[in-house]
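As structure tokens, the structure follows; a few thoughts come after it.
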Amino acid sequence: MILRLFTKITKAVRQKLDLCIELIQSAVESGHKILLFSQFTSMIEILTARLQEESISYFVLQGSTKKEQRAQMVEQFNRDDTSVFCISLKAGGTRPGNPDPARIIVIHYDPWWNVAVENQATDRAHRIGQKNVVTVYKLIAKGTIEEKIIKLQQMKEELAEEILSGDEIKTASFQREELLELLEERF
């Protein structure tokens with residue numbers, strides 16, 4: 001199945017995958033642990049295949065992962081030399097941390113239309129009271145629908161800020177044309 005998926009990957013997506021693996025290799029060599037988020041379980045399969053090729057240790061947490069298994073993986077990740085925790089963005093609820101939180105890197109492999117979900121996932125790298133910086137990377141392939149998702153996130157964020165600030169709302173909703181433009185496929 002993974003080979004079939006690789007044959008359908010565009011050049012931009014292949015380059016993004018290579019960049020992600022290079023970023024992980026560099027981080028691991030520097031002693032960092034990585035929380036790698038993707039909204040697609042099929043992408044996690046592709047990423048873990050590449051991690052195996054590079055002999056990089058990892059855990060996978062998805063929605064189907066049993067509660068006991070999640071707790072066990074988190075505990076192991078915190079105390080052993082496993083380098084990467086691949087997490088389905090929608091897995092929710094589990095907070096993999098690290099005894100040395102200054103050494104955590106978060107990678108969002110693909111964007112989700114709701115930036116709050118991404119922010120919640122990023123927050124899993126933090127502990128209450130933790131003051132060290134957690135480095136976060138969002139990987140976006142140029143010329144793909146991902147750019148449009150980022151634009152949608154920005155529009156939603158601006159609208160939310162207008163509503164919450166009490167300032168005059170410039171646009172109460174998105175125009176039909178704006179939404180269609182965001183969703184239009186260009187290949």
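Chain identifiers are assigned as A, B, and so on, following the order in which chains appear in the structure tokens; residues are numbered from 1 within each chain, and ligands are numbered from 1 in order of appearance.
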
How close does each residue of segment 76-166 of chain A get to segment 22-37 of chain A, giving the shortest atom pair and distance in Å to one decimal for every residue with an atom at most 8 Å away, counting only C-alpha atoms, sorted by chain and residue number, as CSV?
residue,atom,partner,partner_atom,distance
A:Thr82,CA,A:Lys33,CA,7.7
A:Ser83,CA,A:Lys33,CA,5.0
A:Val84,CA,A:Ile34,CA,4.7
A:Phe85,CA,A:Leu35,CA,4.9
A:Cys86,CA,A:Leu36,CA,4.7
A:Ile87,CA,A:Phe37,CA,4.9
A:Ser88,CA,A:Phe37,CA,5.8
A:Leu89,CA,A:Phe37,CA,5.6
A:Asn98,CA,A:Lys33,CA,7.9
A:Arg103,CA,A:His32,CA,4.7
A:Ile104,CA,A:Lys33,CA,5.0
A:Ile105,CA,A:Ile34,CA,4.8
A:Val106,CA,A:Leu35,CA,4.8
A:Ile107,CA,A:Leu36,CA,4.8
A:His108,CA,A:Phe37,CA,4.9
A:Tyr109,CA,A:Phe37,CA,5.9
A:Asp110,CA,A:Phe37,CA,7.7
A:Ala121,CA,A:Phe37,CA,7.7
A:Ala125,CA,A:Leu35,CA,7.6

File of the preceding selection, all heavy atoms, as a compact mmCIF listing (two decimals), in the first residue's frame:
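Now in result.txt:
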# COMPACT_ATOMS: atom_id res chain seq x y z
N THR A 82 13.80 6.86 22.26
CA THR A 82 12.95 6.97 21.07
C THR A 82 12.94 8.42 20.63
O THR A 82 12.72 9.32 21.45
CB THR A 82 11.51 6.48 21.38
OG1 THR A 82 11.57 5.14 21.84
CG2 THR A 82 10.64 6.56 20.14
N SER A 83 13.18 8.66 19.35
CA SER A 83 13.40 10.02 18.87
C SER A 83 12.14 10.75 18.42
O SER A 83 12.04 11.96 18.59
CB SER A 83 14.37 9.99 17.68
OG SER A 83 15.60 9.42 18.08
N VAL A 84 11.20 10.02 17.81
CA VAL A 84 10.05 10.67 17.17
C VAL A 84 8.75 10.06 17.68
O VAL A 84 8.65 8.84 17.81
CB VAL A 84 10.12 10.53 15.63
CG1 VAL A 84 8.95 11.25 14.96
CG2 VAL A 84 11.45 11.05 15.09
N PHE A 85 7.79 10.91 17.95
CA PHE A 85 6.45 10.48 18.31
C PHE A 85 5.55 10.96 17.18
O PHE A 85 5.26 12.15 17.06
CB PHE A 85 6.02 11.09 19.64
CG PHE A 85 5.10 10.22 20.45
CD1 PHE A 85 5.35 10.00 21.79
CD2 PHE A 85 3.98 9.63 19.89
CE1 PHE A 85 4.52 9.21 22.56
CE2 PHE A 85 3.14 8.84 20.64
CZ PHE A 85 3.41 8.62 21.97
N CYS A 86 5.12 10.05 16.30
CA CYS A 86 4.22 10.37 15.19
C CYS A 86 2.79 10.32 15.72
O CYS A 86 2.36 9.28 16.22
CB CYS A 86 4.38 9.37 14.06
SG CYS A 86 6.04 9.28 13.38
N ILE A 87 2.08 11.43 15.60
CA ILE A 87 0.77 11.53 16.23
C ILE A 87 -0.27 12.01 15.22
O ILE A 87 -0.07 13.04 14.57
CB ILE A 87 0.80 12.51 17.43
CG1 ILE A 87 1.89 12.10 18.42
CG2 ILE A 87 -0.56 12.57 18.11
CD1 ILE A 87 2.14 13.11 19.52
N SER A 88 -1.34 11.27 15.13
CA SER A 88 -2.47 11.71 14.33
C SER A 88 -3.05 12.95 14.99
O SER A 88 -3.28 12.97 16.20
CB SER A 88 -3.52 10.60 14.27
OG SER A 88 -4.74 11.10 13.79
N LEU A 89 -3.26 13.99 14.22
CA LEU A 89 -3.71 15.27 14.77
C LEU A 89 -5.01 15.11 15.57
O LEU A 89 -5.23 15.81 16.54
CB LEU A 89 -3.92 16.27 13.63
CG LEU A 89 -4.06 17.72 13.99
CD1 LEU A 89 -2.86 18.23 14.78
CD2 LEU A 89 -4.24 18.56 12.74
N ASN A 98 8.48 15.55 27.80
CA ASN A 98 9.87 15.14 27.80
C ASN A 98 10.49 15.64 29.10
O ASN A 98 10.22 16.76 29.51
CB ASN A 98 10.58 15.78 26.59
CG ASN A 98 11.99 15.28 26.42
OD1 ASN A 98 12.63 14.86 27.37
ND2 ASN A 98 12.48 15.33 25.20
N ARG A 103 14.24 20.51 24.80
CA ARG A 103 14.78 19.72 23.71
C ARG A 103 13.67 19.12 22.83
O ARG A 103 13.88 18.13 22.17
CB ARG A 103 15.67 18.64 24.28
CG ARG A 103 16.83 19.24 25.09
CD ARG A 103 17.67 18.17 25.70
NE ARG A 103 18.38 17.44 24.67
CZ ARG A 103 19.64 17.65 24.33
NH1 ARG A 103 20.34 18.56 24.96
NH2 ARG A 103 20.22 16.93 23.40
N ILE A 104 12.49 19.71 22.84
CA ILE A 104 11.37 19.21 22.05
C ILE A 104 11.21 20.07 20.79
O ILE A 104 11.29 21.28 20.85
CB ILE A 104 10.05 19.26 22.86
CG1 ILE A 104 9.99 18.16 23.90
CG2 ILE A 104 8.83 19.18 21.96
CD1 ILE A 104 9.59 16.81 23.38
N ILE A 105 10.97 19.39 19.68
CA ILE A 105 10.64 20.07 18.43
C ILE A 105 9.29 19.51 17.98
O ILE A 105 9.08 18.30 17.99
CB ILE A 105 11.72 19.84 17.36
CG1 ILE A 105 13.00 20.58 17.75
CG2 ILE A 105 11.22 20.28 15.98
CD1 ILE A 105 14.15 20.38 16.79
N VAL A 106 8.40 20.40 17.58
CA VAL A 106 7.10 20.01 17.05
C VAL A 106 7.11 20.27 15.55
O VAL A 106 7.51 21.34 15.11
CB VAL A 106 5.96 20.82 17.71
CG1 VAL A 106 4.62 20.52 17.05
CG2 VAL A 106 5.90 20.55 19.21
N ILE A 107 6.67 19.27 14.79
CA ILE A 107 6.54 19.43 13.34
C ILE A 107 5.10 19.13 12.97
O ILE A 107 4.58 18.05 13.26
CB ILE A 107 7.48 18.47 12.57
CG1 ILE A 107 8.94 18.74 12.93
CG2 ILE A 107 7.25 18.62 11.06
CD1 ILE A 107 9.92 17.73 12.33
N HIS A 108 4.46 20.11 12.33
CA HIS A 108 3.13 19.89 11.75
C HIS A 108 3.37 19.60 10.28
O HIS A 108 3.74 20.50 9.52
CB HIS A 108 2.25 21.12 11.92
CG HIS A 108 1.78 21.32 13.32
ND1 HIS A 108 0.73 20.60 13.85
CD2 HIS A 108 2.21 22.14 14.29
CE1 HIS A 108 0.54 20.97 15.10
NE2 HIS A 108 1.44 21.89 15.40
N TYR A 109 3.18 18.35 9.91
CA TYR A 109 3.49 17.96 8.53
C TYR A 109 2.50 18.53 7.53
O TYR A 109 2.88 18.91 6.42
CB TYR A 109 3.56 16.43 8.39
CG TYR A 109 4.12 16.03 7.06
CD1 TYR A 109 5.50 16.02 6.86
CD2 TYR A 109 3.30 15.73 5.99
CE1 TYR A 109 6.03 15.71 5.63
CE2 TYR A 109 3.82 15.41 4.75
CZ TYR A 109 5.19 15.40 4.57
OH TYR A 109 5.72 15.11 3.35
N ASP A 110 1.25 18.59 7.90
CA ASP A 110 0.24 19.14 7.01
C ASP A 110 -0.72 20.01 7.80
O ASP A 110 -0.98 19.75 8.97
CB ASP A 110 -0.51 18.04 6.25
CG ASP A 110 -0.77 16.81 7.11
OD1 ASP A 110 -1.30 16.97 8.23
OD2 ASP A 110 -0.46 15.70 6.67
N ALA A 121 -2.60 20.68 19.54
CA ALA A 121 -1.58 19.64 19.37
C ALA A 121 -0.22 20.16 19.81
O ALA A 121 0.53 19.48 20.51
CB ALA A 121 -1.55 19.18 17.92
N ALA A 125 3.16 19.66 23.77
CA ALA A 125 4.60 19.65 24.03
C ALA A 125 4.97 20.42 25.29
O ALA A 125 6.07 20.31 25.79
CB ALA A 125 5.34 20.25 22.83

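Distances to Glu157 of chain A were evaluated for A:Val115, A:Ala12, A:Ile56, A:Leu17 using only C-alpha atoms, and the minimum falls at A:Val115.
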
Could you check which of A:Val13, A:Cys20, A:Ala91, A:Ala160 is closest to Gly143 of chain A, using only C-alpha atoms? A:Val13
